[in-house]
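Structure record follows, encoded as structure tokens.
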Amino acid sequence: MRSPILRRLRLGALTVACVYVLTFLMVIALPGNPFQQGQHHIPPEAEMALRAQYDMDNNWVYFWQFLVGALKLDFGPTFTYNDWTCNQVIASSLPVSMLIGLMAVLIAVLIGVPMGVVSAVRRRTWIDVSCLTLVLLGLSLPTFVTGSALLIVFSVYLNLAPIGGWGTIAHLPLPALTLALPFIACVARLTRTGMLDALGSDFVRTAIAKGASKRGVIWKHALPVAILPVVSFLGPAMAQAMTGSFVVEKVFGVPGMGQHFVNAALNRDAGLILSTVLVFATLLVLFNLFVDLVCAMLDPRIAEGV
Amino acid sequence: MGCRLASLDWNIVGSMKLKILAAGITLLLFALVVYALGSTSPRADLTYVNPSGIHTLDPSRMSWTQDFRVALNLWEGLTTWDPQTLEPLGASAEFPPMISDGGLTYTFTIRNDARWSNGDGVTAQDFVRGWRRAIEPGSSADYMFLITDRIVGAADYVAWRIEAVTQLSALERLRDGWGIKETHAPAIARLPILAGIINPDGELSQQIEDLSIDWAGVYDDVFTRHVGELDTRFDHVGIEARDPRTLVVRLTTSCPYFLDLLGLPVFLPVHESIDLLRMRPEGAPITAEGLVVYDPQWTKPLYRRNGYPGLITNGAYRLSDWTFKRRVRMAVNPFHRMAEKMHCRTVDMLVYENISAAIMAYEAGRVDFLPAMDVPYDHEIARLSLSGERKDYYLCPVLATYFLNFNCVSDEVNGVANPFVDRRVRKAFALALNKKGIVEQVLRRGDRVAKSFVPPDVISGYTPPSGLDRDVEAARQLLVEAGYPGGEGLPPIELLYTPSDELVSQALARMWEESLGVGIELRSRESKTFAEDKANHRFMVARGNWYADYTDPTTFLDCLRTGNGNNDSGYAGARYDTLLDRAEAEGDTDKRTALLRQAEAIVVEEDFPIVPILHYATPVAIKPYVSGLYTNARLWFPFQSVKVDR
């Protein structure tokens, strides 16, 4: 399998390179002055000096300097936060986003898979309808609504969690749960659909005919097949959980990377835009590869295609 | 269920790989928990929230109030302000200083007991270092004008330095084989002289056909010459450390509010240890482009490199911890003269991007002080404060104005004729506004209706002009006179604003449509695009706001001078400029104030390059158990007198 993995890594590197070029082109095409801070228009002299300092007076030089730096894992300075480098910003925020994203995906699997299985097995019963309703709610309610509701209930009324902020383990469950809700819904739906297909398959009928118990058929025969689409979904889901956590970070005051992903674009902070995009693109490529490898472990037929 | 599922997978696949995978994920999760959550420390004596954190702690680069707020507790300038009245008080220097030459020379004596947080004495040279950083290309930013506009020789020095930066950047590109760009235009005229093609008299010193230029040599010559002149040129700037305790400052013109400026970040001192982190490529004091650059990590308390001991400050507090986008912790500077008397020994500034969450944390008693409560339900907060239901919510009238800019300069905007070049149209639009309706019915957050650009009752000794009241009939008549009876002939009027102004913009559009019969096109733009459109006069009407930099009317009025970088309306009023010039030269305070008032009257009663809408009131929350923390019109909060009896 080593050679296919190398091939995928090469393709991944090409993908990230394309993302870099496209993002760079968009960055230089964006209107707006990255050095404009506060209410004063920056004096032309000060702006000229800053552009010279950051090599922003020559796009081509900046393109190569940033690229060479990025290959050495040095993303250079940010224009918005003068005292911090992009590396420091990422080092401080990426683990936070990864932790919340990973927790959210774990919660989604631990709740969504059993929910999907039960829903499929008890098809067209009140349990199925209840599960589908919860799924619908999870998908339709925006996270700023669910997050705020959880914050008010658990932090203000029940006093079970801190009100926003970051720093202790108690700060973790509410943002992770909020972020998990739409993923729970997706995982549950994918599992339900997969289970319905699997339960109607020949190998399941054969297992039932051979006298296997109902529980054994569901958990041992049908689920391993039904879960494959869920596993495939988890790669992009993980990346989405990390990049899409902006709202959750905002609601709970979590110092994650989603805010930089959005604010860097709003501030026209070229260094931070490029570095966050490159980090997320690389993670997305790696998560997808990782998930494909896990799928290959679960189903040897897939291994041939990896 | 999860356990069942887990045990099932092992049985089905029967593989160690999945076990390793699960163990790996668990380990990763554990590592993330340990790393991402970080360590906790006991609660500080005082905890407050700055919603978006701070941008920088480098005094020469600061532009934002929240950054100023932290800096003014960490550093101490020559003066500071009374937290209630905002009158200047002595700080690192004895007060008042000696003022001579008709207000043009200030001589400050640094206090004997002024100490840095490592115990070193504060010297006059520390101020020279800090002020010089604030104007040097490479370490300066937008507030450098406070020095260049007022101190003798500072503007010339900066111009000379910038010219050198432009030349060196252009020569560097030529040396490396790149073409030069339009940004180097100021240097181009001098290049033939620098390269020796033309002598200083303008005569050709080489035959064109023999032209071969050693750009590397030219670059080296210019660079070496510039480095050699750096300090001698700076000697002409009116900032002089006459001895370790005497600082002499010479001004270009008399500046009655100069002492009010000296607490601002660009006027703060910087400890000599920063020189350990100055970038000295190949031993030169400037970079290849001629910039003065320092390792930007110098503001970190625990940064150690090249013998640098971490950030040293001279204020009532020292920086104890700065975790990016999470927390700034300040602890008492043990060497500060007030250290023994200060009750509030530690202060935490927390970051809550969501102000609603910050308000909830305040209500739950986890935060003691909120210097801003900018939330969609701020009208409810204003009601609670005004009705007296919440005695810990304060509405502070702020030295700031929300106004509309009329484009006075462009004949066309986006291909359409711009009617606002006509003063009568501007006045008509200004008179048609129901500002009271905006303040009391649309926003309802306790702001004050504005008839003047400078907020009244805040700047001692200055009463702004009374402005004009709403008069729809007069507005319609003015449109008739301008050739647009009933709004006929006017193009659709574009109103430029940011999404946060949606409500007000809709109300404005409705008012103009109903009272003047004109069509309004709302053009909402995100903040950077908005700022660029505004700065380049790509608008007919654009919203604006201005927060005072110092407590003097000129902080507002200078914005409308011809050619001022912040004059978004493009207004060029000869009479207005003359009055401001006369005020600047006037030594008598009363006469100066009268001249400023006359100038402002031209703006808000005759020419209308802007129309003021409201003066802000900002809600602030302070727990009843916190004393010694006062609200003021500039929202600056020194903590050294604060006492917390939680």
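By order in the structure tokens, chains are A, B, ...; within a chain, residues start at 1; ligands start at 1, following the order shown.
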Q: Name the residues in contact with range 528-542 of chain B at a cut-off of 10 Å, using only C-alpha atoms, excluding same-chain residues fewer than 2 positions from it; report them as number ranges by chain.
A: A: 30-34, 36-37, 39, 41, 265-268; B: 403-410, 412-414, 416-421, 426, 429, 492-499, 505, 522-526, 544, 565-570, 609-610
With a cut-off of 7 Å, could you pull out the residues of chain B touching chain A and give me the nearest pair of atoms for each, distance in Å to one decimal, using only C-alpha atoms, ordered by chain and ascending number, as a Markdown table?
```
| residue | atom | partner | partner_atom | distance |
| --- | --- | --- | --- | --- |
| B:Met1 | CA | A:Pro114 | CA | 6.6 |
| B:Gly2 | CA | A:Leu110 | CA | 5.8 |
| B:Leu8 | CA | A:Lys220 | CA | 6.4 |
| B:Ile12 | CA | A:Lys220 | CA | 6.6 |
| B:Val13 | CA | A:Leu298 | CA | 6.7 |
| B:Leu29 | CA | A:Leu99 | CA | 6.6 |
| B:Leu32 | CA | A:Leu99 | CA | 5.7 |
| B:Val33 | CA | A:Leu99 | CA | 6.7 |
| B:Ala36 | CA | A:Val96 | CA | 5.0 |
| B:Leu37 | CA | A:Gly167 | CA | 4.6 |
| B:Gly38 | CA | A:Gly167 | CA | 5.9 |
| B:Ser39 | CA | A:Gly167 | CA | 6.6 |
| B:Thr40 | CA | A:Gly167 | CA | 6.2 |
| B:His55 | CA | A:Tyr81 | CA | 5.0 |
| B:Thr56 | CA | A:Asn82 | CA | 5.7 |
| B:Ser63 | CA | A:Gly38 | CA | 5.2 |
| B:Trp64 | CA | A:Gly38 | CA | 5.7 |
| B:Pro137 | CA | A:Ala49 | CA | 5.5 |
| B:Gly138 | CA | A:Ala49 | CA | 5.8 |
| B:Ser140 | CA | A:Ala46 | CA | 6.5 |
| B:Ala141 | CA | A:Ala46 | CA | 5.7 |
| B:Asp142 | CA | A:Ile42 | CA | 4.9 |
| B:Ile162 | CA | A:Glu45 | CA | 6.3 |
| B:Glu289 | CA | A:Ala52 | CA | 7.0 |
| B:Pro296 | CA | A:Asp83 | CA | 4.9 |
| B:Gln297 | CA | A:Asp83 | CA | 5.6 |
| B:Thr299 | CA | A:Asp83 | CA | 6.9 |
| B:Lys325 | CA | A:Pro255 | CA | 6.1 |
| B:Arg326 | CA | A:Pro255 | CA | 6.5 |
| B:Tyr352 | CA | A:Gly253 | CA | 4.8 |
| B:Glu353 | CA | A:Lys250 | CA | 5.4 |
| B:Asn354 | CA | A:Lys250 | CA | 5.4 |
| B:Ala357 | CA | A:Gly164 | CA | 6.1 |
| B:Met360 | CA | A:Ile163 | CA | 6.8 |
| B:Ala361 | CA | A:Ile163 | CA | 5.6 |
| B:Lys528 | CA | A:Gly32 | CA | 4.9 |
| B:Thr529 | CA | A:Gly32 | CA | 5.1 |
| B:Glu532 | CA | A:Gly32 | CA | 5.6 |
| B:Gly565 | CA | A:His41 | CA | 6.1 |
| B:Asn566 | CA | A:His41 | CA | 5.9 |
```
Could the residues in this selection be saved with N, CA and C atoms as a short mmCIF file (atom, residue, chain, number, x, y, z; two decimals), in the first residue's frame?
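So the final result, stored in again.cif, reads:
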```cif
data_model
loop_
_atom_site.label_atom_id
_atom_site.label_comp_id
_atom_site.auth_asym_id
_atom_site.auth_seq_id
_atom_site.Cartn_x
_atom_site.Cartn_y
_atom_site.Cartn_z
N MET B 1 -23.79 1.70 24.24
CA MET B 1 -23.82 1.36 22.81
C MET B 1 -22.43 1.51 22.21
N GLY B 2 -21.80 2.61 22.63
CA GLY B 2 -20.47 2.90 22.12
C GLY B 2 -19.51 1.77 22.44
N LEU B 8 -17.36 -4.79 19.12
CA LEU B 8 -17.77 -5.44 17.88
C LEU B 8 -16.72 -5.26 16.78
N ILE B 12 -14.98 -8.12 14.46
CA ILE B 12 -15.24 -8.25 13.04
C ILE B 12 -13.95 -8.16 12.24
N VAL B 13 -13.24 -7.12 12.48
CA VAL B 13 -12.06 -6.91 11.65
C VAL B 13 -10.89 -7.72 12.16
N LEU B 29 -6.11 13.16 21.63
CA LEU B 29 -7.11 13.93 22.36
C LEU B 29 -6.53 14.41 23.70
N LEU B 32 -4.00 17.10 23.16
CA LEU B 32 -4.67 18.35 22.81
C LEU B 32 -5.28 19.01 24.04
N VAL B 33 -5.88 18.17 24.90
CA VAL B 33 -6.50 18.72 26.12
C VAL B 33 -5.42 19.42 26.94
N ALA B 36 -3.91 22.49 24.56
CA ALA B 36 -4.82 23.56 24.13
C ALA B 36 -5.44 24.30 25.31
N LEU B 37 -5.69 23.59 26.40
CA LEU B 37 -6.33 24.27 27.51
C LEU B 37 -5.36 25.15 28.28
N GLY B 38 -4.09 24.74 28.29
CA GLY B 38 -3.08 25.55 28.97
C GLY B 38 -3.24 25.49 30.48
N SER B 39 -2.53 26.38 31.15
CA SER B 39 -2.58 26.33 32.62
C SER B 39 -3.52 27.43 33.13
N THR B 40 -4.01 27.24 34.32
CA THR B 40 -4.89 28.25 34.91
C THR B 40 -4.15 28.91 36.09
N HIS B 55 -4.53 44.51 19.79
CA HIS B 55 -3.80 44.27 18.54
C HIS B 55 -2.30 44.29 18.76
N THR B 56 -1.83 45.23 19.56
CA THR B 56 -0.38 45.34 19.79
C THR B 56 -0.12 46.02 21.13
N SER B 63 -3.23 51.87 17.58
CA SER B 63 -4.28 52.68 16.95
C SER B 63 -5.62 52.53 17.66
N TRP B 64 -5.75 51.55 18.53
CA TRP B 64 -7.07 51.21 19.07
C TRP B 64 -7.18 51.56 20.55
N PRO B 137 10.57 55.37 10.12
CA PRO B 137 9.96 54.41 9.20
C PRO B 137 10.39 52.99 9.59
N GLY B 138 9.42 52.12 9.71
CA GLY B 138 9.71 50.75 10.14
C GLY B 138 9.12 50.47 11.51
N SER B 140 7.11 53.13 13.00
CA SER B 140 6.05 54.13 13.21
C SER B 140 4.73 53.64 12.62
N ALA B 141 3.66 54.31 12.99
CA ALA B 141 2.34 54.00 12.40
C ALA B 141 1.52 55.28 12.35
N ASP B 142 0.18 55.12 12.33
CA ASP B 142 -0.66 56.26 11.98
C ASP B 142 -0.66 57.42 12.99
N ILE B 162 11.98 59.02 4.75
CA ILE B 162 11.11 58.35 3.79
C ILE B 162 11.70 58.43 2.37
N GLU B 289 16.36 48.25 3.30
CA GLU B 289 15.43 49.26 2.73
C GLU B 289 15.47 50.56 3.51
N PRO B 296 9.63 41.90 16.72
CA PRO B 296 8.30 42.24 17.24
C PRO B 296 7.93 41.51 18.53
N GLN B 297 8.76 40.55 18.94
CA GLN B 297 8.45 39.82 20.18
C GLN B 297 8.82 40.62 21.43
N THR B 299 7.52 42.85 23.04
CA THR B 299 6.45 43.20 23.99
C THR B 299 6.03 42.03 24.87
N LYS B 325 -5.06 36.26 22.37
CA LYS B 325 -6.52 36.19 22.23
C LYS B 325 -7.20 35.53 23.41
N ARG B 326 -6.49 35.43 24.55
CA ARG B 326 -7.13 34.85 25.72
C ARG B 326 -7.07 35.81 26.91
N TYR B 352 -13.38 38.13 25.16
CA TYR B 352 -14.66 37.47 24.84
C TYR B 352 -15.11 38.06 23.52
N GLU B 353 -15.00 37.30 22.45
CA GLU B 353 -15.45 37.83 21.16
C GLU B 353 -16.95 38.13 21.19
N ASN B 354 -17.67 37.35 21.97
CA ASN B 354 -19.11 37.53 22.07
C ASN B 354 -19.42 38.38 23.30
N ALA B 357 -21.81 37.05 25.88
CA ALA B 357 -21.23 36.09 26.84
C ALA B 357 -20.48 36.86 27.93
N MET B 360 -23.00 38.08 30.31
CA MET B 360 -23.46 36.97 31.18
C MET B 360 -22.41 36.68 32.25
N ALA B 361 -21.13 36.70 31.85
CA ALA B 361 -20.06 36.45 32.83
C ALA B 361 -20.05 37.55 33.89
N LYS B 528 -13.38 47.05 5.19
CA LYS B 528 -12.18 47.44 4.44
C LYS B 528 -12.53 48.07 3.10
N THR B 529 -13.51 47.49 2.41
CA THR B 529 -13.93 48.04 1.12
C THR B 529 -14.55 49.42 1.36
N GLU B 532 -11.87 51.96 1.91
CA GLU B 532 -11.17 52.32 0.68
C GLU B 532 -12.04 53.21 -0.20
N GLY B 565 -5.48 64.02 5.64
CA GLY B 565 -5.64 62.62 5.24
C GLY B 565 -6.95 62.01 5.69
N ASN B 566 -7.60 62.61 6.71
CA ASN B 566 -8.86 62.05 7.19
C ASN B 566 -10.07 62.85 6.72
#
```
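Counting from CA of Phe556 in chain B, the distance to CA of Tyr257 in chain B is 13.7 Å.
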(Q) Just list as number ranges by chain whatever in range 295-462 of chain B DSSP marks as helix (DSSP H, G or I). (A) B: 296-299, 339-341, 355-363, 378-386, 419-421, 423-431, 435-443
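For the set A:Ala161, A:Ala222, A:Leu196, A:Ala180, the residue with the smallest atom-to-atom gap to Ile208 in chain A is A:Ala222, counting only C-alpha atoms.
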**Q.** Pick from B:Leu146, B:Ile151, B:Ala633, B:Leu57, whichever lies nearest to Leu261 in chain B using only C-alpha atoms
**A.** B:Leu146
Q: Pick out the residues sitting within 12 Å of Tyr547 in chain B, and hand them over as a VMD selection string; count only C-alpha atoms, and ignore anything fewer than 4 positions along from it in its own chain.
A: (chain A and resid 38 to 40) or (chain B and resid 63 to 65 397 to 403 453 to 455 551 to 557 559 615 to 617 633 to 635)
Prev. selection, N, CA and C atoms, output as an mmCIF file, in the first residue's frame:
```
data_model
loop_
_atom_site.group_PDB
_atom_site.id
_atom_site.type_symbol
_atom_site.label_atom_id
_atom_site.label_comp_id
_atom_site.auth_asym_id
_atom_site.auth_seq_id
_atom_site.Cartn_x
_atom_site.Cartn_y
_atom_site.Cartn_z
ATOM 1 N N GLY A 38 -7.663 51.246 12.862
ATOM 2 C CA GLY A 38 -8.265 52.334 13.618
ATOM 3 C C GLY A 38 -8.963 53.345 12.724
ATOM 4 N N GLN A 39 -9.186 54.563 13.276
ATOM 5 C CA GLN A 39 -9.986 55.538 12.542
ATOM 6 C C GLN A 39 -9.157 56.402 11.590
ATOM 7 N N HIS A 40 -7.845 56.482 11.818
ATOM 8 C CA HIS A 40 -7.022 57.340 10.966
ATOM 9 C C HIS A 40 -6.667 56.629 9.675
ATOM 10 N N SER B 63 -3.233 51.875 17.585
ATOM 11 C CA SER B 63 -4.276 52.678 16.952
ATOM 12 C C SER B 63 -5.616 52.533 17.658
ATOM 13 N N TRP B 64 -5.749 51.547 18.530
ATOM 14 C CA TRP B 64 -7.068 51.207 19.071
ATOM 15 C C TRP B 64 -7.177 51.558 20.554
ATOM 16 N N THR B 65 -8.384 52.002 20.944
ATOM 17 C CA THR B 65 -8.604 52.403 22.342
ATOM 18 C C THR B 65 -8.291 51.266 23.307
ATOM 19 N N PRO B 397 -21.150 59.793 28.293
ATOM 20 C CA PRO B 397 -21.076 60.622 27.086
ATOM 21 C C PRO B 397 -19.611 60.641 26.625
ATOM 22 N N VAL B 398 -19.396 60.238 25.396
ATOM 23 C CA VAL B 398 -18.031 60.062 24.917
ATOM 24 C C VAL B 398 -17.665 61.214 23.996
ATOM 25 N N LEU B 399 -16.398 61.525 23.942
ATOM 26 C CA LEU B 399 -15.904 62.584 23.060
ATOM 27 C C LEU B 399 -15.807 62.006 21.642
ATOM 28 N N ALA B 400 -16.972 61.784 21.055
ATOM 29 C CA ALA B 400 -17.000 61.148 19.737
ATOM 30 C C ALA B 400 -18.301 61.507 19.033
ATOM 31 N N THR B 401 -18.243 61.608 17.726
ATOM 32 C CA THR B 401 -19.402 62.040 16.943
ATOM 33 C C THR B 401 -19.651 61.083 15.775
ATOM 34 N N TYR B 402 -20.915 60.797 15.572
ATOM 35 C CA TYR B 402 -21.354 60.013 14.407
ATOM 36 C C TYR B 402 -21.920 61.030 13.410
ATOM 37 N N PHE B 403 -21.449 60.976 12.168
ATOM 38 C CA PHE B 403 -21.866 61.996 11.198
ATOM 39 C C PHE B 403 -21.946 61.389 9.804
ATOM 40 N N PHE B 453 -20.027 69.410 15.365
ATOM 41 C CA PHE B 453 -19.071 68.328 15.161
ATOM 42 C C PHE B 453 -18.387 67.981 16.491
ATOM 43 N N VAL B 454 -18.008 69.016 17.244
ATOM 44 C CA VAL B 454 -17.362 68.802 18.542
ATOM 45 C C VAL B 454 -18.450 68.605 19.596
ATOM 46 N N PRO B 455 -18.403 67.530 20.362
ATOM 47 C CA PRO B 455 -19.438 67.318 21.380
ATOM 48 C C PRO B 455 -19.431 68.442 22.422
ATOM 49 N N THR B 551 -8.103 66.129 24.142
ATOM 50 C CA THR B 551 -9.235 66.935 24.596
ATOM 51 C C THR B 551 -9.102 68.369 24.114
ATOM 52 N N ASP B 552 -9.293 68.561 22.829
ATOM 53 C CA ASP B 552 -9.251 69.897 22.239
ATOM 54 C C ASP B 552 -10.105 69.864 20.965
ATOM 55 N N PRO B 553 -10.793 70.971 20.657
ATOM 56 C CA PRO B 553 -11.657 70.956 19.464
ATOM 57 C C PRO B 553 -10.907 70.598 18.177
ATOM 58 N N THR B 554 -9.611 70.922 18.119
ATOM 59 C CA THR B 554 -8.885 70.688 16.865
ATOM 60 C C THR B 554 -8.782 69.200 16.517
ATOM 61 N N THR B 555 -8.949 68.315 17.496
ATOM 62 C CA THR B 555 -8.910 66.884 17.168
ATOM 63 C C THR B 555 -10.048 66.532 16.197
ATOM 64 N N PHE B 556 -11.138 67.297 16.256
ATOM 65 C CA PHE B 556 -12.237 67.125 15.293
ATOM 66 C C PHE B 556 -12.020 68.028 14.074
ATOM 67 N N LEU B 557 -11.769 69.310 14.361
ATOM 68 C CA LEU B 557 -11.798 70.311 13.288
ATOM 69 C C LEU B 557 -10.669 70.117 12.278
ATOM 70 N N CYS B 559 -9.672 67.508 11.016
ATOM 71 C CA CYS B 559 -10.040 66.473 10.022
ATOM 72 C C CYS B 559 -10.609 67.091 8.748
ATOM 73 N N HIS B 615 -23.860 62.359 19.188
ATOM 74 C CA HIS B 615 -22.644 62.168 19.980
ATOM 75 C C HIS B 615 -22.867 60.896 20.799
ATOM 76 N N TYR B 616 -21.887 60.013 20.722
ATOM 77 C CA TYR B 616 -22.066 58.691 21.341
ATOM 78 C C TYR B 616 -22.168 58.759 22.867
ATOM 79 N N ALA B 617 -22.934 57.815 23.379
ATOM 80 C CA ALA B 617 -22.885 57.515 24.812
ATOM 81 C C ALA B 617 -22.588 56.020 24.899
ATOM 82 N N ALA B 633 -15.000 60.709 29.447
ATOM 83 C CA ALA B 633 -15.404 60.894 28.050
ATOM 84 C C ALA B 633 -14.456 60.238 27.060
ATOM 85 N N ARG B 634 -13.310 59.745 27.525
ATOM 86 C CA ARG B 634 -12.399 59.088 26.587
ATOM 87 C C ARG B 634 -12.245 57.602 26.892
ATOM 88 N N LEU B 635 -13.009 57.118 27.826
ATOM 89 C CA LEU B 635 -13.057 55.692 28.174
ATOM 90 C C LEU B 635 -11.667 55.130 28.492
#
```
Write out as a compact mmCIF listing (two decimals) with N, CA and C atoms, in the first residue's frame which residues come within 10 Å of Gly573 in chain B when counting only C-alpha atoms, dropping same-chain ones fewer than 2 positions away.
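File written: around.txt
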```
# COMPACT_ATOMS: atom_id res chain seq x y z
N LEU B 560 -11.16 68.31 8.86
CA LEU B 560 -11.82 68.90 7.69
C LEU B 560 -10.96 69.96 7.00
N ARG B 561 -9.70 70.05 7.43
CA ARG B 561 -8.78 70.97 6.75
C ARG B 561 -8.54 70.47 5.33
N THR B 562 -8.27 71.38 4.42
CA THR B 562 -7.97 71.00 3.04
C THR B 562 -6.75 70.08 3.03
N GLY B 570 -13.53 65.54 1.29
CA GLY B 570 -12.76 66.29 0.29
C GLY B 570 -13.03 67.78 0.37
N TYR B 571 -13.55 68.21 1.49
CA TYR B 571 -13.91 69.62 1.67
C TYR B 571 -12.67 70.51 1.58
N ARG B 575 -11.91 79.80 3.87
CA ARG B 575 -12.19 80.57 5.09
C ARG B 575 -11.97 79.70 6.34
N TYR B 576 -12.42 78.48 6.21
CA TYR B 576 -12.29 77.52 7.33
C TYR B 576 -10.80 77.30 7.66
N ASP B 577 -10.00 77.04 6.62
CA ASP B 577 -8.57 76.81 6.84
C ASP B 577 -7.91 78.04 7.46
N THR B 578 -8.29 79.20 6.96
CA THR B 578 -7.68 80.43 7.49
C THR B 578 -7.99 80.60 8.97
N LEU B 579 -9.25 80.35 9.32
CA LEU B 579 -9.62 80.49 10.74
C LEU B 579 -8.84 79.51 11.61
N ALA B 599 -14.88 78.74 13.00
CA ALA B 599 -14.55 77.74 11.96
C ALA B 599 -15.58 76.62 11.97
N ILE B 602 -18.86 77.43 10.32
CA ILE B 602 -18.87 77.35 8.85
C ILE B 602 -19.26 75.94 8.41
N VAL B 603 -18.75 74.97 9.13
CA VAL B 603 -18.98 73.57 8.74
C VAL B 603 -20.42 73.14 9.03
N ASP B 607 -21.50 75.42 5.17
CA ASP B 607 -20.97 74.61 4.06
C ASP B 607 -21.37 73.13 4.10
N PRO B 609 -19.94 70.11 4.77
CA PRO B 609 -19.23 68.95 4.19
C PRO B 609 -19.61 67.68 4.94
```
(Q) Quick one: residues within 7 Å of Trp215 in chain B, only C-alpha atoms, excluding same-chain residues fewer than 5 positions away - as JSON, numbers by chain? (A) {"B": [171, 174, 175]}
Residues of the last selection are to be written out with N, CA and C atoms, as a PDB file, in the first residue's frame.
```pdb
ATOM      1  N   LEU B 171      16.658  51.421  -5.516  1.00  0.00           N
ATOM      2  CA  LEU B 171      18.011  50.990  -5.884  1.00  0.00           C
ATOM      3  C   LEU B 171      18.211  49.497  -5.628  1.00  0.00           C
ATOM      4  N   LEU B 174      16.720  47.773  -8.528  1.00  0.00           N
ATOM      5  CA  LEU B 174      17.573  47.902  -9.720  1.00  0.00           C
ATOM      6  C   LEU B 174      18.819  47.027  -9.578  1.00  0.00           C
ATOM      7  N   ARG B 175      19.379  47.007  -8.378  1.00  0.00           N
ATOM      8  CA  ARG B 175      20.566  46.190  -8.132  1.00  0.00           C
ATOM      9  C   ARG B 175      20.264  44.708  -8.373  1.00  0.00           C
TER      10      ARG B 175
END
```
Q: Enumerate as a ChimeraX atom specification all residues of range 201-399 of chain B assigned to strand (DSSP E or B) by DSSP on the backbone, naming them with the chain letters and numbers the document uses.
A: /B:204,239-243,246-251,278,294,317-323,327-332,346-350,369-370,393-399
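Restricting the calculation to only C-alpha atoms, the smallest distance between Gln598 in chain B and any of B:Pro265, B:Pro371, B:Pro464, B:Gly119 is found for B:Pro464.
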Using only C-alpha atoms, which protein or nucleic acid residues come within 8 Å of range 278-287 of chain A? Drop anything in the same chain fewer than 6 positions from it, and give the result as a PDB file with N, CA and C atoms, in the first residue's frame.
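Okay, this is what ended up in part-v7.pdb:
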```
ATOM      1  N   GLY A  12      -1.891  15.172  -3.090  1.00  0.00           N
ATOM      2  CA  GLY A  12      -2.281  16.103  -2.023  1.00  0.00           C
ATOM      3  C   GLY A  12      -1.423  17.351  -2.071  1.00  0.00           C
ATOM      4  N   ALA A  13      -0.105  17.167  -2.250  1.00  0.00           N
ATOM      5  CA  ALA A  13       0.815  18.313  -2.313  1.00  0.00           C
ATOM      6  C   ALA A  13       0.453  19.212  -3.495  1.00  0.00           C
ATOM      7  N   VAL A  16      -2.596  21.219  -2.581  1.00  0.00           N
ATOM      8  CA  VAL A  16      -2.276  22.337  -1.681  1.00  0.00           C
ATOM      9  C   VAL A  16      -1.581  23.453  -2.463  1.00  0.00           C
ATOM     10  N   VAL A  19      -4.149  25.337  -4.311  1.00  0.00           N
ATOM     11  CA  VAL A  19      -4.901  26.170  -3.357  1.00  0.00           C
ATOM     12  C   VAL A  19      -4.103  27.427  -3.032  1.00  0.00           C
ATOM     13  N   TYR A  20      -2.783  27.258  -2.857  1.00  0.00           N
ATOM     14  CA  TYR A  20      -1.920  28.411  -2.532  1.00  0.00           C
ATOM     15  C   TYR A  20      -1.967  29.447  -3.656  1.00  0.00           C
ATOM     16  N   GLY A 235     -13.768  12.463   7.396  1.00  0.00           N
ATOM     17  CA  GLY A 235     -12.592  13.251   6.982  1.00  0.00           C
ATOM     18  C   GLY A 235     -12.962  14.689   6.709  1.00  0.00           C
ATOM     19  N   PRO A 236     -13.814  14.925   5.706  1.00  0.00           N
ATOM     20  CA  PRO A 236     -14.241  16.308   5.466  1.00  0.00           C
ATOM     21  C   PRO A 236     -14.937  16.908   6.685  1.00  0.00           C
ATOM     22  N   MET A 238     -14.283  16.427   9.822  1.00  0.00           N
ATOM     23  CA  MET A 238     -13.267  16.885  10.779  1.00  0.00           C
ATOM     24  C   MET A 238     -12.720  18.254  10.335  1.00  0.00           C
ATOM     25  N   ALA A 239     -12.404  18.340   9.048  1.00  0.00           N
ATOM     26  CA  ALA A 239     -11.888  19.625   8.537  1.00  0.00           C
ATOM     27  C   ALA A 239     -12.952  20.704   8.679  1.00  0.00           C
ATOM     28  N   THR A 243     -12.727  24.275  10.583  1.00  0.00           N
ATOM     29  CA  THR A 243     -12.832  25.568   9.890  1.00  0.00           C
ATOM     30  C   THR A 243     -14.173  26.239  10.154  1.00  0.00           C
TER      31      THR A 243
END
```
**Q.** Shortest interatomic distance to Ala288 in chain B - which of B:His343, B:Arg250, B:His226, B:Arg329, counting only C-alpha atoms
**A.** B:His226
Q: Considering only C-alpha atoms, return as number ranges by chain whatever protein or nucleic-acid residues lie within 12 Å of range 230-235 of chain B, sequence-local ones (same chain, fewer than 2 positions apart) excluded.
A: B: 128-129, 131-133, 135-136, 151-161, 164, 223-228, 237-242, 284-286, 290-292
